[in-house]
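> Contents of target.pdb (PDB, C-alpha atoms):
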ATOM      1  CA  MET A   1      15.422   6.347 -16.414
ATOM      2  CA  GLN A   2      16.055   9.126 -13.921
ATOM      3  CA  ASP A   3      18.980  11.294 -12.948
ATOM      4  CA  PHE A   4      21.074  10.256  -9.989
ATOM      5  CA  ILE A   5      20.775  13.035  -7.404
ATOM      6  CA  ASP A   6      24.061  12.776  -5.540
ATOM      7  CA  GLU A   7      23.292  15.627  -3.126
ATOM      8  CA  ALA A   8      20.304  13.677  -1.718
ATOM      9  CA  LYS A   9      22.813  11.196  -0.231
ATOM     10  CA  GLY A  10      20.418   8.252  -0.547
ATOM     11  CA  ALA A  11      17.501   9.985   1.173
ATOM     12  CA  ASP A  12      14.000  10.754   0.005
ATOM     13  CA  LEU A  13      10.649  11.735   1.456
ATOM     14  CA  ARG A  14       7.427   9.740   1.525
ATOM     15  CA  LEU A  15       4.357  11.952   1.823
ATOM     16  CA  PHE A  16       1.068  10.177   2.435
ATOM     17  CA  VAL A  17      -1.849  11.975   0.797
ATOM     18  CA  VAL A  18      -5.484  11.340   1.711
ATOM     19  CA  GLY A  19      -8.012  13.436  -0.169
ATOM     20  CA  GLU A  20      -6.520  16.889  -0.549
ATOM     21  CA  LYS A  21      -4.224  16.688   2.466
ATOM     22  CA  VAL A  22      -0.806  15.302   3.398
ATOM     23  CA  ILE A  23      -1.545  13.435   6.606
ATOM     24  CA  ALA A  24       1.925  12.024   7.313
ATOM     25  CA  ALA A  25       5.487  12.369   6.075
ATOM     26  CA  MET A  26       8.772  10.636   6.732
ATOM     27  CA  MET A  27      12.331  10.762   5.446
ATOM     28  CA  ARG A  28      13.859   7.496   4.297
ATOM     29  CA  LYS A  29      17.609   6.974   4.181
ATOM     30  CA  ALA A  30      19.225   4.177   2.170
ATOM     31  CA  ALA A  31      21.295   1.510   3.857
ATOM     32  CA  LYS A  32      25.060   1.925   3.511
ATOM     33  CA  GLY A  33      26.183   1.002  -0.001
ATOM     34  CA  ASP A  34      22.698   1.284  -1.517
ATOM     35  CA  PHE A  35      20.890   4.165  -3.166
ATOM     36  CA  ARG A  36      17.351   2.822  -2.620
ATOM     37  CA  SER A  37      15.748   4.159   0.508
ATOM     38  CA  ASN A  38      12.905   1.660   0.810
ATOM     39  CA  VAL A  39      12.495   0.637   4.444
ATOM     40  CA  HIS A  40      11.774  -2.988   3.488
ATOM     41  CA  ARG A  41      15.152  -3.022   1.684
ATOM     42  CA  GLY A  42      17.073  -1.968   4.783
ATOM     43  CA  GLY A  43      16.576   1.789   4.665
ATOM     44  CA  LYS A  44      15.934   3.767   7.836
ATOM     45  CA  ALA A  45      12.925   6.018   8.373
ATOM     46  CA  MET A  46      12.702   9.149  10.491
ATOM     47  CA  ASN A  47      10.332  12.018  11.123
ATOM     48  CA  VAL A  48      10.761  15.009   8.869
ATOM     49  CA  ARG A  49       9.427  18.512   8.540
ATOM     50  CA  ILE A  50       8.250  19.155   4.987
ATOM     51  CA  THR A  51       8.005  22.454   3.183
ATOM     52  CA  SER A  52       4.790  23.960   1.870
ATOM     53  CA  LYS A  53       6.142  23.417  -1.656
ATOM     54  CA  GLU A  54       6.661  19.696  -0.991
ATOM     55  CA  ARG A  55       3.173  19.461   0.518
ATOM     56  CA  HIS A  56       1.625  21.220  -2.477
ATOM     57  CA  MET A  57       3.541  19.043  -4.962
ATOM     58  CA  ALA A  58       2.342  15.828  -3.310
ATOM     59  CA  VAL A  59      -1.316  16.841  -3.215
ATOM     60  CA  ARG A  60      -1.170  18.101  -6.789
ATOM     61  CA  ALA A  61       0.514  14.915  -8.058
ATOM     62  CA  ALA A  62      -2.137  12.718  -6.438
ATOM     63  CA  ARG A  63      -4.914  14.915  -7.826
ATOM     64  CA  HIS A  64      -3.485  14.852 -11.370
ATOM     65  CA  LEU A  65      -3.431  11.065 -11.253
ATOM     66  CA  GLY A  66      -6.973  10.912  -9.893
ATOM     67  CA  LEU A  67      -5.844   9.319  -6.621
ATOM     68  CA  LYS A  68      -7.633   9.973  -3.334
ATOM     69  CA  ILE A  69      -4.992   7.976  -1.436
ATOM     70  CA  ALA A  70      -1.347   8.053  -2.505
ATOM     71  CA  GLY A  71       2.203   7.754  -1.310
ATOM     72  CA  VAL A  72       4.230  10.443  -3.047
ATOM     73  CA  ASP A  73       8.000  10.068  -3.019
ATOM     74  CA  ILE A  74       9.996  13.281  -3.298
ATOM     75  CA  ILE A  75      13.732  13.830  -3.424
ATOM     76  CA  ARG A  76      15.395  17.034  -2.290
ATOM     77  CA  SER A  77      17.825  18.178  -4.964
ATOM     78  CA  ALA A  78      19.928  21.248  -5.665
ATOM     79  CA  ARG A  79      17.222  22.147  -8.213
ATOM     80  CA  GLY A  80      14.513  21.919  -5.576
ATOM     81  CA  PRO A  81      12.140  19.098  -4.638
ATOM     82  CA  MET A  82      11.461  16.554  -7.384
ATOM     83  CA  ILE A  83       8.823  13.836  -7.530
ATOM     84  CA  LEU A  84      10.308  10.357  -7.844
ATOM     85  CA  GLU A  85       7.095   8.370  -7.999
ATOM     86  CA  VAL A  86       3.481   8.246  -6.908
ATOM     87  CA  ASN A  87       2.208   5.018  -5.370
ATOM     88  CA  SER A  88      -1.483   4.214  -5.670
ATOM     89  CA  SER A  89      -1.268   1.523  -2.982
ATOM     90  CA  PRO A  90       1.338   2.684  -0.470
ATOM     91  CA  GLY A  91       2.220   0.589   2.553
ATOM     92  CA  LEU A  92       1.248   1.804   6.024
ATOM     93  CA  GLU A  93       3.618   0.035   8.395
ATOM     94  CA  GLY A  94       6.701   2.203   7.902
ATOM     95  CA  ILE A  95       4.956   5.552   7.962
ATOM     96  CA  GLU A  96       2.685   4.687  10.882
ATOM     97  CA  SER A  97       5.526   3.362  13.042
ATOM     98  CA  THR A  98       7.794   6.289  12.163
ATOM     99  CA  THR A  99       5.305   9.118  12.615
ATOM    100  CA  GLY A 100       2.984   7.626  15.225
ATOM    101  CA  ILE A 101       0.045   8.696  13.034
ATOM    102  CA  ASN A 102      -2.817   6.250  12.589
ATOM    103  CA  VAL A 103      -2.861   6.519   8.795
ATOM    104  CA  ALA A 104      -5.355   3.662   8.413
ATOM    105  CA  GLY A 105      -7.698   5.469  10.802
ATOM    106  CA  GLU A 106      -7.366   8.685   8.799
ATOM    107  CA  ILE A 107      -8.247   6.793   5.616
ATOM    108  CA  ILE A 108     -11.366   5.368   7.313
ATOM    109  CA  LYS A 109     -12.389   8.862   8.492
ATOM    110  CA  PHE A 110     -11.946  10.154   4.939
ATOM    111  CA  ILE A 111     -14.165   7.383   3.559
ATOM    112  CA  GLU A 112     -16.791   7.966   6.256
ATOM    113  CA  ARG A 113     -16.921  11.713   5.508
ATOM    114  CA  ARG A 114     -17.376  11.045   1.805
ATOM    115  CA  ARG A 115     -19.956   8.266   2.125
ATOM    116  CA  THR A 116     -22.591  10.716   3.308
ATOM    117  CA  THR A 117     -22.582  12.455  -0.074
ATOM    118  CA  GLU A 118     -21.509   9.759  -2.542
ATOM    119  CA  ASN A 119     -22.169   6.102  -3.145
ATOM    120  CA  PHE A 120     -19.378   3.731  -2.107
ATOM    121  CA  THR A 121     -18.052   3.037  -5.613
ATOM    122  CA  GLN A 122     -17.383   6.740  -6.138
ATOM    123  CA  ILE A 123     -15.566   7.324  -2.841
ATOM    124  CA  LEU A 124     -12.100   6.270  -3.974
ATOM    125  CA  THR A 125     -12.378   7.285  -7.638
TER
END
Would you give me this structure, written as structure tokens?

Amino acid sequence: MQDFIDEAKGADLRLFVVGEKVIAAMMRKAAKGDFRSNVHRGGKAMNVRITSKERHMAVRAARHLGLKIAGVDIIRSARGPMILEVNSSPGLEGIESTTGINVAGEIIKFIERRRTTENFTQILT
């Protein structure tokens, strides 16, 4: 159960975290008559500029959950940014097509950087 945040007007942010860094972010806006902003449910995605607080929240949420790769959904409310959910297996299609960032490539680079110091089973844990 979560509060309905009327002032968000059906929009939220998806921040894609890899390691200790937000590598891409988009705003999602719900289709008319719906409150869910998921792109695969008819929502629209657009580029967005995020705040340092939103960036910090996303990285911290992923870290607390032990995730090296995460999609962190944040809603902008009158009380400030609030985390809606953290996805351990976020989709790439919407964020890559919206931002033009090769998220999959960034994930591969992250894994390659880590494989020099850790064995493969430890890379994503």
> Considering all atoms listed in the file, can you say which of A:Asp12, A:Glu93, A:Glu106, A:Glu85 comes closest to Val48 (chain A)?
A:Asp12
> May I have the residues within 12 Å of Ala62 (chain A) as a count of residues only, using only C-alpha atoms and disregarding those fewer than 2 positions away in the same chain?
31
> Of the candidates A:Leu84, A:Leu92, A:Met27, A:Ala61, which one gets nearest to Ala104 (chain A) if we count all atoms listed in the file?
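Closest to Ala104 (chain A), using all atoms listed in the file: A:Leu92.
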> From the list A:Arg79, A:Lys44, A:Arg63, A:Arg28, which residue is nearest Arg14 (chain A) when using all atoms listed in the file?
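Nearest to Arg14 (chain A): A:Arg28.
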> At what distance in Å, to one decimal, does CA of Ile101 (chain A) lie from CA of Thr51 (chain A)?
18.7 Å
> Would you mind reading off the distance between CA of Leu13 (chain A) and CA of Gly105 (chain A), one decimal, in Å?
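Interatomic distance, CA of Leu13 (chain A) to CA of Gly105 (chain A): 21.5 Å.
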> Within 10 Å of Gly94 (chain A), counting all atoms listed in the file, which residues show up once you throw out same-chain ones fewer than 2 positions away? Write them as number ranges by chain, please.
A: 14, 26, 28, 38-40, 44-46, 90-92, 96-100
> Give me, please, the distance in Å between CA of Ile111 (chain A) and CA of Ala24 (chain A), quoted to one decimal.
17.2 Å
> Under the rule that all atoms listed in the file are counted, which of A:Pro81, A:Glu112, A:Lys29, A:Val103 is the nearest residue to Ser52 (chain A)?
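Ranking A:Pro81, A:Glu112, A:Lys29, A:Val103 by distance to Ser52 (chain A), first place goes to A:Pro81.
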> Please tell me which residues are no farther than 8 Å from (14.1, 21.3, 0.3) in the file, counting only C-alpha atoms, and write them as a count of residues only.
7
